[in-house]
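S.K.: So here's entry-v7.cif, just mmCIF, C-alpha atoms:
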```cif
data_protein
loop_
_atom_site.label_atom_id
_atom_site.label_comp_id
_atom_site.auth_asym_id
_atom_site.auth_seq_id
_atom_site.Cartn_x
_atom_site.Cartn_y
_atom_site.Cartn_z
CA MET A 1 -25.69 30.25 -1.69
CA LEU A 2 -27.10 26.75 -2.24
CA TRP A 3 -29.27 27.97 -5.11
CA HIS A 4 -26.28 29.64 -6.73
CA LYS A 5 -24.15 26.53 -6.22
CA SER A 6 -26.82 24.31 -7.81
CA TRP A 7 -27.06 26.69 -10.73
CA LEU A 8 -23.30 26.65 -11.25
CA GLU A 9 -23.29 22.84 -11.22
CA THR A 10 -26.01 22.52 -13.86
CA ARG A 11 -25.82 25.68 -15.95
CA SER A 12 -23.64 24.26 -18.75
CA ARG A 13 -26.00 21.33 -19.33
CA PHE A 14 -29.01 23.60 -19.12
CA LEU A 15 -27.68 26.29 -21.47
CA ILE A 16 -26.55 23.74 -24.05
CA GLY A 17 -29.95 22.08 -23.89
CA LEU A 18 -31.78 25.40 -24.17
CA GLY A 19 -29.76 26.42 -27.20
CA LEU A 20 -30.39 23.10 -28.95
CA VAL A 21 -34.13 22.94 -28.32
CA MET A 22 -34.64 26.58 -29.30
CA CYS A 23 -32.84 25.96 -32.59
CA SER A 24 -34.90 22.80 -33.13
CA ALA A 25 -38.15 24.69 -32.55
CA ALA A 26 -37.14 27.34 -35.07
CA ALA A 27 -36.22 24.63 -37.60
CA VAL A 28 -39.57 22.85 -37.18
CA ALA A 29 -41.46 26.06 -37.95
CA ALA A 30 -39.18 27.01 -40.84
CA MET A 31 -39.45 23.60 -42.52
CA TYR A 32 -43.24 23.50 -42.75
CA PRO A 33 -43.57 25.32 -46.12
CA SER A 34 -41.19 22.77 -47.68
CA VAL A 35 -43.06 19.87 -46.09
CA ARG A 36 -46.37 21.23 -47.33
CA GLU A 37 -45.03 21.51 -50.89
CA LEU A 38 -43.65 17.97 -50.87
CA LEU A 39 -46.74 16.25 -49.49
CA PRO A 40 -48.62 16.03 -52.85
CA LEU A 41 -45.57 14.29 -54.34
CA VAL A 42 -45.54 11.54 -51.71
CA PRO A 43 -47.11 8.35 -53.16
CA ALA A 44 -49.55 6.31 -51.12
CA PRO A 45 -47.58 3.54 -49.38
CA ASP A 46 -48.24 -0.06 -50.39
CA VAL A 47 -47.02 -1.29 -47.03
CA GLY A 48 -49.70 -2.96 -44.97
CA GLY A 49 -49.96 -3.64 -41.28
CA GLU A 50 -48.79 -1.37 -38.47
CA LEU A 51 -45.93 0.19 -40.46
CA GLY A 52 -48.21 1.18 -43.31
CA ARG A 53 -50.73 2.62 -40.89
CA ARG A 54 -48.07 4.75 -39.21
CA ILE A 55 -46.77 6.07 -42.55
CA ARG A 56 -50.25 7.04 -43.69
CA GLU A 57 -51.00 8.62 -40.32
CA ALA A 58 -47.78 10.69 -40.38
CA ALA A 59 -48.51 11.97 -43.90
CA GLU A 60 -52.07 12.86 -42.96
CA LEU A 61 -50.99 14.71 -39.82
CA ALA A 62 -48.47 16.80 -41.75
CA ARG A 63 -51.22 18.19 -44.04
CA ASP A 64 -52.46 20.34 -41.16
CA TYR A 65 -50.11 22.71 -39.28
CA ARG A 66 -51.43 21.71 -35.87
CA GLY A 67 -50.94 18.04 -36.74
CA TYR A 68 -47.50 18.75 -38.16
CA VAL A 69 -46.40 20.58 -35.00
CA TRP A 70 -47.70 17.87 -32.72
CA SER A 71 -46.26 14.93 -34.70
CA SER A 72 -42.90 16.55 -35.48
CA TRP A 73 -42.33 18.63 -32.36
CA PHE A 74 -44.26 17.51 -29.29
CA ALA A 75 -44.41 13.78 -30.09
CA LYS A 76 -40.85 13.49 -31.43
CA GLN A 77 -38.17 16.16 -31.33
CA LEU A 78 -39.07 17.94 -28.10
CA SER A 79 -39.99 14.76 -26.19
CA GLN A 80 -36.77 13.04 -27.22
CA SER A 81 -34.33 15.91 -26.68
CA TRP A 82 -36.07 17.03 -23.47
CA THR A 83 -35.82 13.51 -22.03
CA VAL A 84 -32.08 13.42 -22.68
CA PHE A 85 -31.52 16.72 -20.86
CA ALA A 86 -33.88 15.71 -18.06
CA VAL A 87 -31.61 12.73 -17.42
CA LEU A 88 -28.48 14.87 -17.71
CA LEU A 89 -29.81 17.42 -15.22
CA GLY A 90 -30.87 14.66 -12.84
CA THR A 91 -27.41 13.14 -12.56
CA GLY A 92 -24.71 14.33 -10.21
CA GLY A 93 -25.32 15.62 -6.71
CA LEU A 94 -23.85 15.02 -3.27
CA LEU A 95 -22.77 11.40 -3.70
CA SER A 96 -21.02 12.11 -6.98
CA GLN A 97 -19.27 15.11 -5.40
CA ALA A 98 -18.28 13.05 -2.37
CA THR A 99 -16.55 10.40 -4.47
CA ARG A 100 -14.49 13.20 -6.04
CA GLY A 101 -13.85 14.87 -2.69
CA GLY A 102 -15.96 17.92 -3.53
CA ALA A 103 -18.82 17.61 -1.04
CA LEU A 104 -17.02 18.72 2.14
CA PHE A 105 -17.87 22.39 1.70
CA THR A 106 -21.55 21.66 1.04
CA LEU A 107 -21.83 19.31 4.02
CA SER A 108 -20.13 21.87 6.29
CA LEU A 109 -22.89 24.43 5.68
CA PRO A 110 -25.47 24.88 8.49
CA VAL A 111 -28.29 23.27 6.49
CA SER A 112 -29.75 19.79 6.45
CA ARG A 113 -29.01 17.26 3.75
CA ASN A 114 -32.68 17.24 2.84
CA ARG A 115 -32.56 20.98 2.15
CA VAL A 116 -29.44 20.59 0.00
CA LEU A 117 -31.13 17.82 -1.96
CA ALA A 118 -34.41 19.73 -2.27
CA ILE A 119 -32.67 22.80 -3.68
CA ARG A 120 -30.72 20.66 -6.14
CA ALA A 121 -33.94 18.98 -7.30
CA ALA A 122 -35.85 22.28 -7.50
CA THR A 123 -33.08 23.84 -9.57
CA GLY A 124 -33.14 20.96 -12.04
CA LEU A 125 -36.93 21.02 -12.29
CA ALA A 126 -36.98 24.79 -12.83
CA GLU A 127 -34.47 24.42 -15.65
CA LEU A 128 -36.54 21.61 -17.16
CA ALA A 129 -39.63 23.81 -17.05
CA VAL A 130 -37.78 26.40 -19.11
CA LEU A 131 -36.66 23.70 -21.55
CA ALA A 132 -40.28 22.54 -21.92
CA PHE A 133 -42.04 25.88 -22.31
CA ALA A 134 -39.55 28.32 -23.89
CA PRO A 135 -38.98 26.52 -27.23
CA SER A 136 -42.69 25.80 -27.68
CA LEU A 137 -43.55 29.46 -27.12
CA LEU A 138 -40.83 30.37 -29.62
CA LEU A 139 -42.50 28.08 -32.15
CA VAL A 140 -45.82 29.88 -31.53
CA MET A 141 -44.14 33.24 -32.18
CA LEU A 142 -42.39 32.03 -35.35
CA SER A 143 -45.47 30.39 -36.91
CA PRO A 144 -46.83 33.61 -38.50
CA ALA A 145 -43.52 33.94 -40.36
CA VAL A 146 -44.43 30.82 -42.38
CA GLY A 147 -48.05 31.88 -42.86
CA GLU A 148 -49.46 29.70 -40.09
CA SER A 149 -50.61 30.07 -36.51
CA TYR A 150 -50.43 27.82 -33.50
CA GLY A 151 -52.48 28.36 -30.36
CA ILE A 152 -50.59 29.41 -27.27
CA GLY A 153 -53.03 27.39 -25.17
CA ASP A 154 -52.16 24.19 -27.04
CA ALA A 155 -48.45 24.95 -26.65
CA LEU A 156 -48.81 25.47 -22.90
CA ILE A 157 -50.85 22.29 -22.43
CA HIS A 158 -48.46 20.09 -24.41
CA SER A 159 -45.43 21.61 -22.66
CA GLY A 160 -47.07 21.17 -19.26
CA CYS A 161 -47.80 17.51 -19.93
CA LEU A 162 -44.23 17.01 -21.11
CA PHE A 163 -42.87 18.57 -17.91
CA VAL A 164 -45.13 16.69 -15.49
CA ALA A 165 -44.94 13.25 -17.11
CA GLY A 166 -41.31 13.51 -18.22
CA GLY A 167 -40.27 14.44 -14.70
CA VAL A 168 -40.20 10.69 -14.04
CA PHE A 169 -36.94 10.42 -15.99
CA PHE A 170 -35.37 13.31 -14.07
CA SER A 171 -36.47 11.81 -10.76
CA LEU A 172 -35.17 8.35 -11.64
CA ALA A 173 -31.76 9.74 -12.63
CA PHE A 174 -31.80 11.81 -9.44
CA LEU A 175 -32.50 8.71 -7.34
CA LEU A 176 -29.85 6.61 -9.08
CA SER A 177 -27.34 9.41 -8.44
CA THR A 178 -27.81 8.72 -4.72
CA VAL A 179 -27.04 5.04 -5.31
CA PHE A 180 -24.04 5.24 -7.63
CA GLY A 181 -21.06 7.49 -7.01
CA ASP A 182 -20.45 8.31 -10.69
CA MET A 183 -22.55 10.14 -13.26
CA TRP A 184 -22.38 7.53 -16.01
CA ARG A 185 -24.36 4.65 -14.52
CA PRO A 186 -27.41 6.77 -13.56
CA LEU A 187 -27.21 8.42 -16.98
CA LEU A 188 -26.97 5.19 -18.97
CA ILE A 189 -29.53 3.23 -16.94
CA THR A 190 -32.16 5.94 -17.26
CA LEU A 191 -31.50 6.57 -20.95
CA VAL A 192 -31.65 2.85 -21.75
CA LEU A 193 -34.96 2.60 -19.92
CA ALA A 194 -36.30 5.59 -21.89
CA VAL A 195 -35.20 4.06 -25.20
CA VAL A 196 -36.77 0.69 -24.31
CA LEU A 197 -40.07 2.38 -23.41
CA ALA A 198 -40.03 4.42 -26.62
CA LEU A 199 -39.30 1.37 -28.80
CA ALA A 200 -41.90 -0.73 -27.04
CA ASP A 201 -44.42 2.02 -27.62
CA GLN A 202 -43.67 1.89 -31.36
CA VAL A 203 -43.49 -1.90 -31.78
CA PHE A 204 -46.32 -2.95 -29.46
CA PRO A 205 -49.33 -0.62 -29.79
CA GLY A 206 -50.91 -1.90 -26.57
CA VAL A 207 -47.95 -0.62 -24.55
CA SER A 208 -49.00 2.98 -25.26
CA ARG A 209 -51.82 2.59 -22.75
CA VAL A 210 -49.33 2.39 -19.89
CA SER A 211 -46.34 4.20 -21.44
CA VAL A 212 -45.25 7.62 -20.28
CA PHE A 213 -44.49 8.99 -23.76
CA PRO A 214 -48.12 9.39 -24.96
CA VAL A 215 -48.76 11.31 -21.73
CA MET A 216 -45.70 13.49 -22.35
CA SER A 217 -46.93 14.39 -25.84
CA ALA A 218 -50.55 14.77 -24.65
CA GLU A 219 -51.65 12.49 -27.49
CA ARG A 220 -55.12 12.09 -26.01
CA TYR A 221 -55.60 15.85 -25.82
CA PHE A 222 -54.44 16.30 -29.41
CA HIS A 223 -57.03 13.80 -30.65
CA GLY A 224 -59.79 15.59 -28.73
CA GLY A 225 -60.02 13.25 -25.76
CA GLY A 226 -59.14 15.75 -23.04
CA LEU A 227 -56.13 15.92 -20.79
CA PRO A 228 -54.54 12.62 -19.69
CA TRP A 229 -55.27 13.28 -16.03
CA LEU A 230 -54.68 9.71 -14.87
CA GLY A 231 -51.27 9.58 -16.54
CA LEU A 232 -50.30 13.00 -15.21
CA VAL A 233 -51.29 12.17 -11.63
CA ALA A 234 -49.55 8.77 -11.82
CA SER A 235 -46.38 10.35 -13.24
CA ALA A 236 -46.33 13.06 -10.57
CA ALA A 237 -46.82 10.43 -7.84
CA VAL A 238 -43.99 8.27 -9.20
CA SER A 239 -41.69 11.30 -9.43
CA ALA A 240 -42.48 12.30 -5.85
CA ALA A 241 -41.82 8.75 -4.62
CA LEU A 242 -38.47 8.62 -6.45
CA LEU A 243 -37.38 11.97 -5.03
CA ALA A 244 -38.43 10.90 -1.53
CA ALA A 245 -36.39 7.70 -1.92
CA ALA A 246 -33.41 9.83 -3.00
CA ALA A 247 -33.76 11.92 0.18
CA ARG A 248 -33.79 8.76 2.32
CA ASN A 249 -30.70 7.43 0.56
CA ILE A 250 -28.75 10.63 1.15
CA ALA A 251 -29.84 10.74 4.81
CA ARG A 252 -28.35 7.28 5.33
CA GLN A 253 -25.06 8.01 3.59
CA ASP A 254 -21.92 8.20 5.72
CA PHE A 255 -19.90 10.98 4.08
#
```
The structure in this file should be written as structure tokens.
M.R.:
Amino acid sequence: MLWHKSWLETRSRFLIGLGLVMCSAAAVAAMYPSVRELLPLVPAPDVGGELGRRIREAAELARDYRGYVWSSWFAKQLSQSWTVFAVLLGTGGLLSQATRGGALFTLSLPVSRNRVLAIRAATGLAELAVLAFAPSLLLVMLSPAVGESYGIGDALIHSGCLFVAGGVFFSLAFLLSTVFGDMWRPLLITLVLAVVLALADQVFPGVSRVSVFPVMSAERYFHGGGLPWLGLVASAAVSAALLAAAARNIARQDF
């Protein structure tokens, strides 16, 4: 019953997210022939400094399908849209329901609050796993239609890194939802933090060494440096700590 209830509470956000990311994956694959044709027409940028370097790097990556998929999909579109839905799926929960008078039935069930919270978190994480892996596998399947191929192993690795590292945003929104009784403050606080981290990563190159986004996109793996194990372990530890703090907050609440 608790699993079904958690699914009912989150299914609209999940299904909307799944539809959007699946369409985005199909669009990324379908656009590559046009991108490939336009690349020879792009003049070399005269801009120097960091901006010029990034423009040249983006153009160079797009010349190869693997580089195009990573730069357009895993490092941008999927990471950005997935983060938004991770935050959306992390908000809500018992405290939000209690402020609206909707938690009495859940609290009357013969289960502990920790179990209720664990099932809610597990449901959200399972939905996020689908949002991470399903569109990337769709992109793999659609690649032959544009005369290209993309390795399923690469897709699984990038999606796995996105899920593990990006779980920090879900866990933070989940924790904040046990602090604030509405959905908007946890949503806005977590999204603002994500935007600040993303902008800092772009403006200050040194920030990327400690930022979560390069781990989410598995940038190191793409460039041949192996999996970002330290970042993945650190992200998983932070997520676990945030979820544990959420459980303690709910245990102390007087509903």
S.K.: What does the PyMOL selection byres ((chain A and resi 160-165) around 6) select in this file, as a list in words?
M.R.: Leu156, Ile157, His158, Ser159, Gly166, Gly167, Met216, Leu232 and Ser235 of chain A
S.K.: Name the closest residue to Ile152 in chain A among the candidates A:Phe14, A:Arg66, A:Val215, A:Glu127; distances are taken between atoms, counting all atoms listed in the file.
M.R.: A:Arg66
S.K.: When the PyMOL selection byres ((chain A and resi 11) around 12) is applied to the structure above, which residues does it catch, written out as a PyMOL selection string?
M.R.: chain A and resi 3-10+12-19+85+88-89+123-124+126-128
S.K.: Name every residue that the PyMOL selection byres ((chain A and resi 194) around 12) selects in this structure, writing the answer as an MDAnalysis selection string with chains first and numbers rising.
M.R.: chainID A and resid 79:84 86:87 166 168:170 172:173 187:193 195:201 211:213
S.K.: Counting only C-alpha atoms, which residues have an atom no more than 7 Å from (-45.4, 22.2, -39.3) in the file's coordinates? Please list them as an MDAnalysis selection string.
M.R.: chainID A and resid 28:29 31:32 62 65:66 68:69
S.K.: Nearest to Ala240 in chain A among A:Glu219, A:Gln202, A:Leu142, A:Ala121, with distances taken over all atoms listed in the file: which residue is it?
M.R.: A:Ala121
S.K.: To one decimal place in Å, what is the distance between CA of Leu243 in chain A and CA of Ser217 in chain A?
M.R.: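 Separation between CA of Leu243 in chain A and CA of Ser217 in chain A: 23.0 Å.
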S.K.: Considering all atoms listed in the file, state which residue in the set A:Trp184, A:Val146, A:Val130, A:Ala234 is at the smallest distance from Ser34 in chain A.
M.R.: A:Val146
S.K.: Just give me the residues with any atom within 7 Å of (-30.6, 15.6, 3.1), file coordinates, counting only C-alpha atoms, written as JSON, numbers by chain.
M.R.: {"A": [112, 113, 114, 115, 116, 117, 247, 250, 251]}
